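Engineer: Below is a structure I'd like to ask you about.
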Amino acid sequence: MFKRLPRSTAETVTILIEGDPVETAAGDTVAAAVLGAGLGAVRTTPVSGSPRSPYCLMGVCFDCLMEIDGVPNQQTCMIRVRDGMKVRRQHGAASVGGDGEDQ
Ligand code: FES
């Protein structure tokens with residue numbers, strides 16, 4: 001569905017999405033990396049459990065919330081990838097305390 005524009009850099013990093021290594025361009029946002037990897041839904045809503053994916057890609061809609069390195073509620077369209085970063089889907093509401101446990 002998504003097609004990458006020509007890269008301005010050949011530098012890549014490897015992140016783990018749901019435990020699987022994914023190579024992506026250095027400087028990508030996490031949201032761009034998960035969309036490019038074809039992840040589909042990155043979270044579910046707390047009330048109905050509806051699937052959501054990154055939408056606005058500019059920090060407005062909050063549909064891109066995921067767990068990054070064990071910290072939930074991370075706005076992935078506003079965070080750049082780092083080598084070795086661990087990214088996981090978020091299911092429903094996550095605790096604000098950042099312990100990674102669903103409520
Ligand atoms: S995609 Fe809308 S806030 Fe991240």
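Lettering and numbering for the structure tokens are positional, with chains as A, B, ... in the shown order, residues counted from 1 in each chain, and ligands counted from 1 in the shown order.
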Give me every strand (DSSP E) residue in chain A, going by DSSP on the backbone, as a VMD selection string.

Structural biologist: chain A and resid 12 to 17 20 to 25 43 to 44 51 to 52 65 to 68 71 to 75 86 to 88 90 to 91

Engineer: With only C-alpha atoms and all ligand atoms counted and 7 Å as the cut-off, give the residues of chain A in contact with ligand 1, each with its shortest interatomic distance in Å and the pair that gives it, as a tab-separated table.

Structural biologist:
```
residue	atom	partner	partner_atom_place_in_ligand_line	distance
A:Pro54	CA	ligand 1	1 (S)	3.9
A:Tyr55	CA	ligand 1	1 (S)	4.3
A:Cys56	CA	ligand 1	2 (Fe)	4.0
A:Leu57	CA	ligand 1	1 (S)	3.8
A:Met58	CA	ligand 1	2 (Fe)	5.6
A:Gly59	CA	ligand 1	3 (S)	3.4
A:Val60	CA	ligand 1	3 (S)	4.3
A:Cys61	CA	ligand 1	2 (Fe)	3.8
A:Phe62	CA	ligand 1	3 (S)	3.7
A:Asp63	CA	ligand 1	2 (Fe)	5.3
A:Cys64	CA	ligand 1	4 (Fe)	4.5
A:Leu65	CA	ligand 1	4 (Fe)	6.9
A:Gln75	CA	ligand 1	4 (Fe)	5.4
A:Thr76	CA	ligand 1	4 (Fe)	5.8
A:Cys77	CA	ligand 1	4 (Fe)	4.3
A:Met78	CA	ligand 1	4 (Fe)	6.6
```

Engineer: Which of these residues is nearest to Leu16 (chain A), using only C-alpha atoms: A:Val34, A:Ala94, A:Arg52, A:Asp28?

Structural biologist: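 Among the listed residues, A:Val34 lies closest to Leu16 (chain A).
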
Engineer: Where in chain A does DSSP assign helix (DSSP H, G or I), given as a list in words?

Structural biologist: Val30, Ala31, Ala32, Ala33, Val34, Leu35, Gly36, Thr76, Cys77 and Met78 of chain A

Engineer: Can you pull out the residues contacting Val47 (chain A)? Cut-off 12 Å, using only C-alpha atoms, and skip same-chain residues under 4 positions away; I want them as number ranges by chain.

Structural biologist: A: 51, 91-93, 103

Engineer: Write the selection just made, keeping N, CA, C and O atoms, as a short mmCIF file (atom, residue, chain, number, x, y, z; two decimals), in the first residue's frame?

Structural biologist:
```cif
data_model
loop_
_atom_site.label_atom_id
_atom_site.label_comp_id
_atom_site.auth_asym_id
_atom_site.auth_seq_id
_atom_site.Cartn_x
_atom_site.Cartn_y
_atom_site.Cartn_z
N PRO A 51 -9.50 -1.59 15.64
CA PRO A 51 -8.11 -1.44 15.22
C PRO A 51 -7.82 -0.02 14.72
O PRO A 51 -8.70 0.61 14.11
N HIS A 91 -2.65 -2.79 22.96
CA HIS A 91 -4.03 -3.28 22.99
C HIS A 91 -4.81 -2.57 24.08
O HIS A 91 -4.49 -2.70 25.26
N GLY A 92 -5.83 -1.81 23.67
CA GLY A 92 -6.67 -1.09 24.64
C GLY A 92 -5.88 -0.02 25.37
O GLY A 92 -4.88 0.49 24.89
N ALA A 93 -6.37 0.30 26.57
CA ALA A 93 -5.71 1.33 27.37
C ALA A 93 -4.49 0.75 28.07
O ALA A 93 -4.51 -0.38 28.52
N GLN A 103 -4.48 -2.18 31.22
CA GLN A 103 -5.41 -2.06 32.34
C GLN A 103 -6.58 -2.97 32.15
O GLN A 103 -6.93 -3.36 31.11
#
```

Engineer: Given only C-alpha atoms as the basis, pick out the residue of A:Val13, A:Ser48, A:Ser95, A:Val22 nearest to Val81 (chain A).

Structural biologist: A:Val13

Engineer: Show which residues sit within 12 Å of Arg7 (chain A), as a list in words. Count only C-alpha atoms, and ignore same-chain residues fewer than 4 positions away.

Structural biologist: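 After dropping sequence-adjacent residues, the list is Lys3, Glu11, Thr12, Thr24, Ala25, Ala26, Gly27 and Asp28 of chain A.
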
Engineer: Between A:Leu5, A:Ala37, A:Ala31, A:Ile17, which is the closest to Gly84 (chain A) once you count only C-alpha atoms?

Structural biologist: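 Of A:Leu5, A:Ala37, A:Ala31, A:Ile17, the one nearest Gly84 (chain A), counting only C-alpha atoms, is A:Ile17.
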
Engineer: Quick one, how far is CA of Gln74 (chain A) from CA of Ala32 (chain A)?

Structural biologist: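 According to the coordinates, CA of Gln74 (chain A) and CA of Ala32 (chain A) are separated by 14.0 Å.
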
Engineer: Nearest to Ser50 (chain A): which of A:Asn73, A:Gln90, A:Ile79, A:Ala10 is it, counting only C-alpha atoms?

Structural biologist: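 Among A:Asn73, A:Gln90, A:Ile79, A:Ala10, it is A:Gln90 that comes nearest to Ser50 (chain A).
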
Engineer: Could you give me, as JSON, numbers by chain, the residues within 7 Å of Glu67 (chain A), counting only C-alpha atoms and dropping anything in the same chain fewer than 2 positions from it?

Structural biologist: {"A": [69, 70, 71, 72, 73, 74, 87, 88, 89, 90]}

Engineer: Go ahead and write the selection's residues with N, CA and C atoms as a JSON list (two decimals), in the first residue's frame.

Structural biologist:
```json
[["chain", "number", "residue", "atom", "x", "y", "z"],
["A", 69, "ASP", "N", 10.15, 0.15, 23.48],
["A", 69, "ASP", "CA", 11.09, -0.24, 24.53],
["A", 69, "ASP", "C", 10.40, -0.37, 25.89],
["A", 70, "GLY", "N", 9.21, -0.96, 25.87],
["A", 70, "GLY", "CA", 8.48, -1.24, 27.10],
["A", 70, "GLY", "C", 7.66, -0.09, 27.63],
["A", 71, "VAL", "N", 7.69, 1.05, 26.97],
["A", 71, "VAL", "CA", 6.94, 2.22, 27.43],
["A", 71, "VAL", "C", 5.71, 2.40, 26.53],
["A", 72, "PRO", "N", 4.49, 2.28, 27.11],
["A", 72, "PRO", "CA", 3.28, 2.40, 26.29],
["A", 72, "PRO", "C", 2.95, 3.84, 25.95],
["A", 73, "ASN", "N", 1.93, 4.01, 25.10],
["A", 73, "ASN", "CA", 1.39, 5.32, 24.75],
["A", 73, "ASN", "C", 2.40, 6.23, 24.05],
["A", 74, "GLN", "N", 3.28, 5.66, 23.27],
["A", 74, "GLN", "CA", 4.27, 6.47, 22.55],
["A", 74, "GLN", "C", 3.70, 6.87, 21.19],
["A", 87, "VAL", "N", 9.54, -2.36, 19.27],
["A", 87, "VAL", "CA", 8.24, -1.74, 19.05],
["A", 87, "VAL", "C", 7.16, -2.82, 19.09],
["A", 88, "ARG", "N", 6.12, -2.56, 19.86],
["A", 88, "ARG", "CA", 5.02, -3.53, 19.96],
["A", 88, "ARG", "C", 3.67, -2.83, 19.82],
["A", 89, "ARG", "N", 2.69, -3.59, 19.33],
["A", 89, "ARG", "CA", 1.32, -3.07, 19.26],
["A", 89, "ARG", "C", 0.83, -2.80, 20.67],
["A", 90, "GLN", "N", -0.15, -1.91, 20.76],
["A", 90, "GLN", "CA", -0.77, -1.61, 22.04],
["A", 90, "GLN", "C", -2.23, -2.01, 21.98]]
```
